[in-house]
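Colleague: Dropping in data_21.txt, with compact mmCIF, C-alpha atoms.
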```txt
# COMPACT_ATOMS: atom_id res chain seq x y z
CA MET A 1 0.00 0.00 0.00
CA GLY A 2 1.52 3.31 -1.08
CA ALA A 3 0.76 6.97 -0.49
CA SER A 4 1.58 10.06 -2.49
CA SER A 5 1.29 12.31 0.60
CA PRO A 6 1.00 11.76 4.38
CA ASN A 7 -2.80 12.22 4.35
CA ILE A 8 -3.49 9.93 1.38
CA LYS A 9 -3.54 6.13 1.48
CA SER A 10 -3.81 3.80 -1.50
CA PHE A 11 -5.66 0.47 -1.50
CA PHE A 12 -5.69 -2.29 -4.10
CA LYS A 13 -8.91 -3.96 -5.32
CA GLY A 14 -10.38 -6.19 -2.60
CA GLN A 15 -8.15 -4.76 0.13
CA GLU A 16 -9.81 -4.15 3.49
CA ILE A 17 -10.08 -0.52 4.63
CA PHE A 18 -11.80 -1.15 7.96
CA LYS A 19 -13.95 -3.81 9.65
CA GLU A 20 -17.27 -3.65 11.43
CA GLY A 21 -16.73 -3.28 15.16
CA GLN A 22 -13.36 -1.52 14.91
CA GLU A 23 -12.83 1.80 16.67
CA SER A 24 -13.61 4.87 14.53
CA SER A 25 -10.50 7.05 14.55
CA VAL A 26 -10.57 8.51 11.01
CA ALA A 27 -12.94 9.02 8.10
CA TYR A 28 -12.09 8.97 4.40
CA MET A 29 -12.83 10.86 1.19
CA ILE A 30 -12.36 9.03 -2.11
CA LYS A 31 -9.90 10.92 -4.31
CA LYS A 32 -9.67 8.17 -6.93
CA GLY A 33 -11.39 4.82 -7.49
CA ALA A 34 -14.37 3.23 -5.71
CA VAL A 35 -15.19 1.67 -2.33
CA ASN A 36 -17.75 -0.94 -1.27
CA ILE A 37 -19.52 -0.60 2.09
CA TYR A 38 -20.86 -3.98 3.16
CA LYS A 39 -22.10 -6.20 5.98
CA VAL A 40 -21.80 -9.95 6.49
CA LEU A 41 -25.09 -11.59 7.50
CA ASN A 42 -25.45 -15.37 7.81
CA ASN A 43 -22.05 -15.79 6.13
CA GLU A 44 -23.34 -13.79 3.14
CA LYS A 45 -21.65 -10.59 1.97
CA ILE A 46 -24.29 -7.89 1.42
CA ILE A 47 -23.09 -4.70 -0.30
CA LEU A 48 -24.88 -1.68 1.14
CA ALA A 49 -23.32 0.90 -1.15
CA ARG A 50 -20.68 1.47 -3.79
CA LEU A 51 -19.07 4.89 -3.37
CA GLY A 52 -17.19 6.88 -5.99
CA GLU A 53 -14.82 9.83 -6.25
CA GLY A 54 -15.56 12.79 -3.96
CA GLU A 55 -17.70 10.82 -1.51
CA ILE A 56 -17.01 10.61 2.24
CA PHE A 57 -17.47 7.55 4.43
CA GLY A 58 -16.65 6.40 7.95
CA GLU A 59 -17.47 9.70 9.65
CA MET A 60 -20.63 8.60 11.44
CA GLY A 61 -18.79 6.47 14.00
CA ILE A 62 -16.65 9.48 14.92
CA ILE A 63 -19.68 11.75 15.41
CA ALA A 64 -21.50 9.10 17.45
CA LYS A 65 -18.29 8.16 19.32
CA GLY A 66 -18.86 4.51 18.51
CA SER A 67 -17.31 1.67 16.55
CA ARG A 68 -17.62 0.96 12.81
CA THR A 69 -21.14 -0.17 11.87
CA ALA A 70 -20.11 -1.83 8.58
CA ASN A 71 -17.10 -3.05 6.61
CA ALA A 72 -15.29 -1.14 3.86
CA GLU A 73 -13.11 -2.51 1.05
CA ALA A 74 -11.61 -1.16 -2.15
CA ALA A 75 -13.94 -2.01 -5.06
CA GLU A 76 -11.03 -1.11 -7.34
CA TYR A 77 -7.66 0.53 -6.88
CA CYS A 78 -8.29 3.73 -4.96
CA ASP A 79 -6.60 6.70 -3.29
CA LEU A 80 -8.28 7.85 -0.07
CA VAL A 81 -7.84 11.19 1.71
CA ILE A 82 -7.65 10.65 5.47
CA LEU A 83 -9.97 12.89 7.49
CA THR A 84 -9.01 12.90 11.17
CA ASP A 85 -11.50 13.03 14.00
CA GLN A 86 -10.31 16.58 14.71
CA ILE A 87 -11.41 17.69 11.23
CA ILE A 88 -14.77 15.89 11.40
CA LEU A 89 -15.54 17.24 14.88
CA LYS A 90 -14.25 20.75 14.17
CA LEU A 91 -17.64 22.21 13.33
CA LEU A 92 -19.56 20.03 15.74
CA ASP A 93 -17.45 21.13 18.69
CA GLN A 94 -18.11 24.78 17.83
CA CYS A 95 -21.87 24.24 18.08
CA PRO A 96 -23.81 24.84 21.31
CA LYS A 97 -24.22 21.79 23.56
CA THR A 98 -27.90 21.38 22.62
CA VAL A 99 -27.08 21.19 18.89
CA GLN A 100 -24.26 18.72 19.57
CA TYR A 101 -26.60 16.51 21.58
CA MET A 102 -29.32 16.56 18.89
CA ILE A 103 -26.85 15.65 16.10
CA ARG A 104 -25.30 12.78 18.07
CA LEU A 105 -28.74 11.47 19.07
CA PHE A 106 -29.83 11.58 15.42
CA VAL A 107 -26.73 9.64 14.33
CA LYS A 108 -27.27 6.98 17.00
CA ARG A 109 -30.87 6.50 15.89
CA LEU A 110 -29.73 6.04 12.29
CA ALA A 111 -27.20 3.44 13.42
CA ARG A 112 -29.81 1.52 15.42
CA THR A 113 -32.18 1.32 12.47
CA GLY A 114 -29.36 0.18 10.15
CA ASP A 115 -29.86 3.11 7.80
CA MET A 116 -27.73 2.48 4.67
CA ILE A 117 -27.16 6.15 4.06
CA SER A 118 -25.48 6.44 7.46
CA ALA A 119 -23.19 3.56 6.61
CA LYS A 120 -21.98 5.10 3.39
CA GLY A 121 -21.69 8.74 4.42
CA HIS A 122 -22.39 11.72 2.18
CA ARG A 123 -23.85 11.05 -1.24
CA SER A 124 -21.93 13.85 -2.96
CA ASN A 125 -20.12 17.15 -2.62
CA PHE A 126 -23.48 18.90 -3.06
CA THR A 127 -24.98 17.36 0.09
CA SER A 128 -21.66 17.66 1.95
CA ILE A 129 -21.49 21.40 1.24
CA CYS A 130 -25.11 21.87 2.34
CA ARG A 131 -24.55 19.88 5.52
CA ILE A 132 -21.49 21.91 6.55
CA MET A 133 -23.37 25.12 5.68
CA ASN A 134 -26.25 24.02 7.92
CA LEU A 135 -23.98 23.25 10.89
CA SER A 136 -22.12 26.55 10.44
CA TYR A 137 -25.37 28.51 10.28
CA GLN A 138 -26.80 26.77 13.37
CA ASN A 139 -23.59 27.67 15.19
CA HIS A 140 -23.97 31.27 13.96
CA LEU A 141 -27.59 31.53 15.14
CA ASN A 142 -26.85 30.01 18.55
CA MET A 143 -23.74 32.06 19.25
CA PRO A 144 -23.82 33.66 22.74
CA ARG A 145 -24.98 37.27 22.59
CA ASP A 146 -21.79 38.78 23.99
CA GLN A 147 -19.71 36.89 21.44
CA ALA A 148 -22.05 37.84 18.58
CA LYS A 149 -21.66 41.55 19.42
CA LYS A 150 -17.92 41.24 18.86
CA GLU A 151 -18.43 39.87 15.33
CA ARG A 152 -18.56 42.48 12.58
CA ASN A 153 -21.98 42.52 10.84
CA HIS A 154 -23.16 39.41 12.69
CA ASP A 155 -26.80 40.20 11.85
CA MET A 156 -26.00 40.04 8.14
CA GLY A 157 -25.40 36.27 8.37
CA LEU A 158 -22.39 34.04 7.78
CA GLU A 159 -19.29 35.55 6.21
CA TYR A 160 -19.14 33.99 2.74
CA ASN A 161 -15.35 33.71 2.61
CA LYS A 162 -15.13 32.20 6.09
CA LEU A 163 -17.81 29.63 5.23
CA CYS A 164 -16.02 28.67 2.00
CA LYS A 165 -12.71 28.30 3.84
CA THR A 166 -14.36 25.97 6.37
CA ILE A 167 -15.93 23.85 3.62
CA ARG A 168 -12.66 23.56 1.66
CA GLY A 169 -10.80 22.57 4.81
CA ILE A 170 -13.14 19.69 5.57
CA ILE A 171 -14.08 18.10 2.23
CA LEU A 172 -11.35 19.39 -0.11
CA VAL A 173 -13.59 20.76 -2.87
CA SER A 174 -12.81 23.58 -5.27
CA GLN A 175 -14.12 27.11 -4.81
CA GLY A 176 -15.90 26.71 -8.15
CA GLU A 177 -17.94 23.78 -6.82
CA ILE A 178 -18.89 25.70 -3.68
CA ASP A 179 -19.95 28.74 -5.73
CA THR A 180 -22.03 26.56 -8.08
CA VAL A 181 -23.94 24.96 -5.20
CA ILE A 182 -24.55 28.25 -3.37
CA ASN A 183 -25.61 30.05 -6.55
CA LYS A 184 -28.16 27.31 -7.22
CA LEU A 185 -29.51 27.65 -3.68
CA LYS A 186 -29.67 31.42 -4.18
CA SER A 187 -31.55 31.12 -7.51
CA LEU A 188 -34.19 29.00 -5.75
CA ARG A 189 -34.37 31.46 -2.81
CA ILE A 190 -33.20 28.82 -0.34
CA VAL A 191 -30.42 31.21 0.74
CA GLU A 192 -29.95 34.96 0.45
CA ILE A 193 -26.66 36.71 -0.39
CA SER A 194 -25.90 40.28 0.75
CA ASP A 195 -22.95 42.50 -0.22
CA ILE A 196 -21.51 45.40 1.76
CA ARG A 197 -19.29 47.89 -0.07
CA THR A 198 -16.24 48.74 2.00
CA GLY A 199 -14.13 50.65 -0.52
CA ARG A 200 -11.97 47.60 -1.18
CA ALA A 201 -11.72 45.81 -4.53
CA PHE A 202 -14.30 43.22 -3.49
CA PRO A 203 -17.31 43.76 -1.20
CA ASP A 204 -17.84 41.81 2.02
CA ARG A 205 -20.34 39.06 1.28
CA PHE A 206 -22.75 37.42 3.73
CA ILE A 207 -25.10 34.45 3.41
CA GLN A 208 -28.34 33.68 5.23
CA ILE A 209 -30.45 30.51 5.11
CA VAL A 210 -34.11 31.46 4.53
CA ASP A 211 -35.61 28.46 6.39
CA PRO A 212 -32.95 27.13 8.81
CA LEU A 213 -35.29 24.61 10.44
CA ASN A 214 -36.11 22.77 7.19
CA PHE A 215 -32.85 23.45 5.32
CA PRO A 216 -31.48 19.83 5.50
CA GLU A 217 -34.72 18.33 4.18
CA ILE A 218 -35.09 20.99 1.47
CA THR A 219 -31.54 20.50 0.15
CA ASN A 220 -31.78 16.69 0.24
CA ASN A 221 -34.96 16.83 -1.84
CA LEU A 222 -33.36 19.36 -4.16
CA PHE A 223 -30.38 17.07 -4.79
CA LYS A 224 -32.72 14.19 -5.72
CA GLU A 225 -34.38 16.47 -8.27
CA LEU A 226 -31.05 17.70 -9.63
CA GLN A 227 -30.00 14.10 -10.25
CA LYS A 228 -32.86 13.82 -12.74
CA THR A 229 -31.71 16.80 -14.77
CA ALA A 230 -28.62 17.88 -16.68
CA TYR A 231 -28.12 20.90 -14.40
CA THR A 232 -24.79 22.10 -12.91
CA SER A 233 -21.15 22.18 -13.83
CA THR A 234 -20.09 20.09 -10.84
CA SER A 235 -19.01 16.64 -11.87
CA GLU A 236 -20.93 14.57 -9.33
CA LEU A 237 -24.25 15.94 -10.63
CA GLN A 238 -23.40 15.16 -14.25
CA ILE A 239 -21.77 11.73 -14.06
CA VAL A 240 -23.40 8.75 -12.33
CA ASP A 241 -22.67 5.04 -12.43
CA ILE A 242 -25.08 2.16 -12.97
CA TYR A 243 -25.65 1.79 -9.21
CA GLU A 244 -26.69 5.42 -8.76
CA ILE A 245 -28.97 5.23 -11.81
CA ALA A 246 -30.65 2.12 -10.35
CA GLU A 247 -31.16 3.90 -7.03
CA MET A 248 -32.48 7.03 -8.74
CA LEU A 249 -35.01 4.99 -10.76
CA ASN A 250 -35.90 2.55 -7.95
CA SER A 251 -34.58 -0.26 -10.13
CA ASP A 252 -31.86 -2.92 -10.05
CA PRO A 253 -28.54 -2.76 -11.94
CA LYS A 254 -29.23 -6.20 -13.49
CA VAL A 255 -32.56 -4.97 -14.88
CA LEU A 256 -30.89 -1.87 -16.31
CA TYR A 257 -28.17 -3.96 -17.97
CA LYS A 258 -30.89 -6.01 -19.68
CA LYS A 259 -32.66 -2.86 -20.88
CA ILE A 260 -29.37 -1.50 -22.21
CA ALA A 261 -28.80 -4.79 -24.05
CA ASN A 262 -32.33 -4.49 -25.52
CA GLU A 263 -31.48 -0.96 -26.73
CA ASP A 264 -34.14 0.57 -24.46
CA PHE A 265 -31.71 3.34 -23.43
CA PRO A 266 -30.94 6.09 -26.01
CA GLU A 267 -27.35 6.15 -27.29
CA THR A 268 -26.93 9.78 -26.22
CA MET A 269 -26.95 8.66 -22.57
CA PHE A 270 -23.70 6.69 -22.89
CA LEU A 271 -20.49 8.56 -22.12
CA PHE A 272 -17.21 6.77 -21.39
CA ASP A 273 -13.86 7.76 -19.95
CA ARG A 274 -11.46 7.38 -22.89
CA CYS A 275 -8.39 6.53 -20.78
CA LYS A 276 -10.20 3.96 -18.62
CA VAL A 277 -11.75 2.28 -21.68
CA SER A 278 -8.36 2.09 -23.40
CA GLU A 279 -6.71 0.64 -20.29
CA TRP A 280 -9.47 -1.96 -19.84
CA ALA A 281 -9.61 -2.90 -23.54
CA SER A 282 -5.85 -3.42 -23.70
CA GLN A 283 -6.18 -6.31 -21.24
CA LYS A 284 -8.67 -8.27 -23.41
CA GLU A 285 -7.69 -11.05 -25.77
CA PRO A 286 -7.76 -10.62 -29.59
CA GLY A 287 -11.26 -10.89 -31.04
CA TYR A 288 -12.94 -10.11 -27.70
CA PHE A 289 -14.94 -7.22 -29.17
CA SER A 290 -15.94 -8.98 -32.40
CA LYS A 291 -18.55 -11.29 -30.81
CA VAL A 292 -20.77 -11.59 -27.75
CA LYS A 293 -20.74 -14.66 -25.57
CA LYS A 294 -23.95 -15.20 -23.66
CA LYS A 295 -23.22 -15.91 -20.01
CA LYS A 296 -24.51 -19.21 -18.70
CA LYS A 297 -26.60 -19.61 -15.58
CA SER A 298 -26.67 -22.49 -13.12
CA LEU A 299 -29.89 -24.37 -12.40
CA GLU A 300 -30.11 -22.68 -8.99
CA ASP A 301 -30.02 -19.20 -10.56
CA LEU A 302 -32.88 -19.71 -13.04
CA GLU A 303 -35.77 -17.49 -11.91
CA ASP A 304 -36.85 -15.01 -14.60
CA ILE A 305 -38.77 -16.00 -17.76
CA GLU A 306 -35.88 -14.61 -19.84
CA ASP A 307 -33.64 -17.26 -18.22
CA ILE A 308 -35.41 -19.84 -20.36
CA VAL A 309 -32.76 -19.23 -23.04
CA PHE A 310 -30.23 -21.02 -20.80
CA VAL A 311 -32.23 -24.29 -20.77
CA ASP A 312 -31.51 -26.95 -23.40
CA ASN A 313 -34.21 -27.76 -25.96
CA SER A 314 -34.80 -31.41 -25.03
CA THR A 315 -35.52 -30.44 -21.39
CA LEU A 316 -37.88 -27.66 -22.49
CA LYS A 317 -39.86 -30.00 -24.76
CA GLU A 318 -40.49 -32.32 -21.80
CA VAL A 319 -41.40 -29.42 -19.50
CA PHE A 320 -43.82 -27.93 -22.06
CA ASN A 321 -45.61 -31.29 -22.41
CA ARG A 322 -46.34 -31.16 -18.67
CA LEU A 323 -47.38 -27.49 -18.42
CA GLY A 324 -50.32 -27.43 -20.82
CA TYR A 325 -51.59 -24.83 -23.30
CA HIS A 326 -52.91 -22.25 -20.82
CA LYS A 327 -49.69 -21.96 -18.81
CA LEU A 328 -47.62 -21.85 -21.98
CA GLY A 329 -49.83 -18.97 -23.11
CA VAL A 330 -49.10 -17.16 -19.83
CA LEU A 331 -45.36 -17.61 -20.39
CA MET A 332 -45.65 -16.33 -23.94
CA SER A 333 -47.59 -13.28 -22.70
CA ILE A 334 -44.79 -12.14 -20.37
CA ALA A 335 -41.77 -13.27 -22.42
CA GLU A 336 -39.52 -10.91 -24.40
CA ASP A 337 -38.35 -11.66 -27.96
CA ASP A 338 -35.54 -14.17 -27.23
CA ALA A 339 -37.58 -16.10 -24.68
CA ARG A 340 -40.60 -16.20 -27.02
CA LYS A 341 -38.48 -17.58 -29.83
CA LYS A 342 -37.13 -20.25 -27.49
CA ILE A 343 -40.65 -21.30 -26.48
CA LEU A 344 -41.93 -21.49 -30.08
CA LEU A 345 -38.81 -23.36 -31.20
CA ASN A 346 -39.71 -26.22 -28.85
CA LEU A 347 -43.38 -26.52 -29.80
CA ALA A 348 -44.92 -28.34 -32.75
CA ARG A 349 -46.49 -25.95 -35.29
CA LYS A 350 -50.04 -26.94 -34.45
CA ILE A 351 -49.44 -26.57 -30.70
CA ALA A 352 -47.61 -23.29 -31.26
CA ARG A 353 -50.68 -21.84 -32.99
CA ILE A 354 -52.90 -22.91 -30.09
CA VAL A 355 -50.51 -21.44 -27.55
CA GLN A 356 -50.31 -18.15 -29.46
CA ASP A 357 -54.11 -17.94 -29.29
CA GLU A 358 -53.74 -18.08 -25.48
CA VAL A 359 -51.51 -14.99 -25.46
CA ARG A 360 -53.18 -12.05 -23.74
CA GLY A 361 -52.41 -8.37 -23.41
CA SER A 362 -52.45 -8.46 -19.61
CA VAL A 363 -51.74 -11.35 -17.27
CA ASP A 364 -52.39 -11.69 -13.55
CA GLU A 365 -49.03 -11.00 -11.88
CA ALA A 366 -49.45 -13.71 -9.23
CA GLU A 367 -50.44 -16.29 -11.84
CA ALA A 368 -47.47 -15.38 -14.03
CA GLU A 369 -45.05 -15.66 -11.09
CA ASP A 370 -46.46 -19.06 -10.09
CA THR A 371 -46.19 -20.31 -13.68
CA VAL A 372 -42.55 -19.22 -14.01
CA THR A 373 -41.76 -20.86 -10.66
CA GLU A 374 -43.40 -24.10 -11.79
CA LEU A 375 -41.52 -23.94 -15.10
CA PHE A 376 -38.10 -23.88 -13.45
CA GLU A 377 -39.07 -26.36 -10.74
CA LEU A 378 -39.84 -28.84 -13.53
CA VAL A 379 -36.54 -27.98 -15.25
CA ARG A 380 -34.61 -28.66 -12.04
CA GLU A 381 -36.56 -31.86 -11.44
CA ILE A 382 -35.68 -33.19 -14.92
CA LYS A 383 -32.06 -32.03 -14.71
CA GLY A 384 -31.63 -33.37 -11.19
CA GLY A 385 -31.01 -30.00 -9.57
CA SER A 386 -32.67 -28.20 -6.66
CA LYS A 387 -32.90 -24.58 -5.67
CA SER A 388 -31.93 -23.90 -2.09
```
When written as structure tokens, how does the structure in this file appear?

Modeller:
Amino acid sequence: MGASSPNIKSFFKGQEIFKEGQESSVAYMIKKGAVNIYKVLNNEKIILARLGEGEIFGEMGIIAKGSRTANAEAAEYCDLVILTDQIILKLLDQCPKTVQYMIRLFVKRLARTGDMISAKGHRSNFTSICRIMNLSYQNHLNMPRDQAKKERNHDMGLEYNKLCKTIRGIILVSQGEIDTVINKLKSLRIVEISDIRTGRAFPDRFIQIVDPLNFPEITNNLFKELQKTAYTSTSELQIVDIYEIAEMLNSDPKVLYKKIANEDFPETMFLFDRCKVSEWASQKEPGYFSKVKKKKKSLEDLEDIEDIVFVDNSTLKEVFNRLGYHKLGVLMSIAEDDARKKILLNLARKIARIVQDEVRGSVDEAEAEDTVTELFELVREIKGGSKS
């Protein structure tokens, strides 16, 4: 494991970063690569989140003063910026005791309910910037009166430059990213910006949050909406991976891969990193990109009607003889092109015509699920396999 600077550590693919139950002494921000956050339940590895560049993880244990609530490993080679507990607690320790108590109580409740978002940290620089802004503003509002009187123009709000310096010191983002986020909040009247002319080259700038009580919820909802649009020049709002798209659409990466293969996604949505593609392609054997090999599935993994293409023809003929016309019609009604062709290929012409007459525009979901289950149970019975 190497490091280009004292506060950066490098991890190779599959290398452990920390384990569940360990003490939380530092947090991390991903400078390069990707990280998996996961738990092990009943000897099964369950990935809670896959994090990419710019995201922070491991900070919740520090805030809650507890141990790690999940495991972290490098999903690919990655460089991680180490964030010490002093950095993470810097803002929190400046807040009044009541605010500190509320934040820590909130974090503990998230940990008890096993909230996945807590385990993986901030979703992006956008939400990180908003979160730090919220803590800073709460600290500003709750500042003791005698201390507030000593601050120049305290009633105007937070000093813009001081806020930006705090943000840059904690999450290592550019000033351009901070300005983009704050300008968006300003355009939506979530924050207000005021300038005071002092005779210097640049005016003193102050920022106020319009609705401090609901600011976290408002900005979280805003970020979800921004993910659906092409807005902003900040990279994390423009580029998403297959996992984030699945989460955004309440889908599953496997389903999305199938839709991509079926050309359901427009070509204009595909953008690739030229260097990464070249590096990956250089490791493939000659002829790799001239043909497509269909991946095989084991008997235990057969579950979707489209998986019928992985079953041999002789087995399907025997299964179809047992199912009957009506159930074959149900299968045909829910099958896509390849699966339909596979079904018709294993039926006599006369029977195929009868089955096609059974095809309906809509099928009862429960009936369809039961029929698919029965289909693969018969396949496993004939092939001598069993699904655990």

Colleague: Could you check the closest approach to Asp241 in chain A for each of A:Ile182, A:Leu51, A:Ile305, A:Val26 and tell me which residue wins, using only C-alpha atoms?

Modeller: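 Closest to Asp241 in chain A, using only C-alpha atoms: A:Leu51.
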
Colleague: Near Tyr160 in chain A, within 9 Å and counting all atoms listed in the file, which residues show up once chain neighbours fewer than 3 positions away are dropped, as a CSV table (one decimal) with C-alpha atoms, keeping the file's coordinate frame?

Modeller:
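Heads up, here's the output in around.csv:
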```
chain,number,residue,atom,x,y,z
A,157,GLY,CA,-25.4,36.3,8.4
A,163,LEU,CA,-17.8,29.6,5.2
A,164,CYS,CA,-16.0,28.7,2.0
A,165,LYS,CA,-12.7,28.3,3.8
A,193,ILE,CA,-26.7,36.7,-0.4
A,204,ASP,CA,-17.8,41.8,2.0
A,205,ARG,CA,-20.3,39.1,1.3
A,206,PHE,CA,-22.8,37.4,3.7
A,207,ILE,CA,-25.1,34.4,3.4
```

Colleague: A:Val40, A:Val372, A:Ile30, A:Leu48: which is nearest Val81 in chain A, counting all atoms listed in the file?

Modeller: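 Closest to Val81 in chain A, using all atoms listed in the file: A:Ile30.
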
Colleague: Hey, can you check how far CA of Ile308 in chain A sits from CA of Asp264 in chain A?

Modeller: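 Value for the CA of Ile308 in chain A-CA of Asp264 in chain A distance: 20.9 Å.
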
Colleague: Grab the CA of Val319 in chain A to CA of Val363 in chain A distance for me, in Å with one decimal place.

Modeller: 20.9 Å

Colleague: Give me the box for range 323-342 of chain A as JSON, namely the centre and edge lengths in Å to one decimal of a box along x, y and z that holds every listed atom plus 6 Å on each side.

Modeller:
```
{"center_x": -44.2, "center_y": -19.2, "center_z": -24.1, "size_x": 29.4, "size_y": 28.6, "size_z": 23.4}
```

Colleague: In Å, how far is it from CA of Gln138 in chain A to CA of Arg197 in chain A?

Modeller: 26.1 Å

Colleague: Ranking A:Asn153, A:Ser194, A:Asn221, A:Thr166 by minimum distance to Ile132 in chain A and counting only C-alpha atoms, which one comes first?

Modeller: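 With only C-alpha atoms as the atom set, the closest residue is A:Thr166.
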
Colleague: May I have the residues within 12 Å of Met133 in chain A as a PyMOL selection string, using only C-alpha atoms and disregarding those fewer than 6 positions away in the same chain?

Modeller: chain A and resi 91-92+125-127+139-140+157-160+162-168+170+178+181-182+185+191+207-209+212+215-216+219

Colleague: Which residue gives the smallest distance to Glu53 in chain A among A:Arg68, A:Lys31, A:Lys291, A:His326, with all atoms listed in the file counted?

Modeller: A:Lys31

Colleague: Residues within 12 Å of (-9.5, 2.6, -5.1), file coordinates, counting only C-alpha atoms: what are they? Give the list as a VMD selection string.

Modeller: chain A and resid 1 to 2 8 to 17 28 to 36 50 to 54 72 to 81

Colleague: Give as a list in words each residue that has an atom at most 12 Å from (-50.4, -17.3, -28.1) in the file, counting all atoms listed in the file.

Modeller: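 Taken together, the residues in range are Tyr325, His326, Lys327, Leu328, Gly329, Val330, Leu331, Met332, Ser333, Ile334, Ala335, Arg340, Ile343, Leu344, Leu347, Arg349, Lys350, Ile351, Ala352, Arg353, Ile354, Val355, Gln356, Asp357, Glu358, Val359, Arg360 and Gly361 of chain A.
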
Colleague: Give the answer as one residue: which of A:Ala49, A:Asp195, A:Asp304, A:Ser24 has the shortest atom-to-atom distance to Tyr243 in chain A, using all atoms listed in the file?

Modeller: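 Between A:Ala49, A:Asp195, A:Asp304, A:Ser24, the residue approaching Tyr243 in chain A most closely is A:Ala49.
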
Colleague: Which of these, A:Leu299, A:Ala70, A:Cys130, A:Met60, has the shortest distance to Tyr38 in chain A once you count all atoms listed in the file?

Modeller: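 Of A:Leu299, A:Ala70, A:Cys130, A:Met60, the one nearest Tyr38 in chain A, counting all atoms listed in the file, is A:Ala70.
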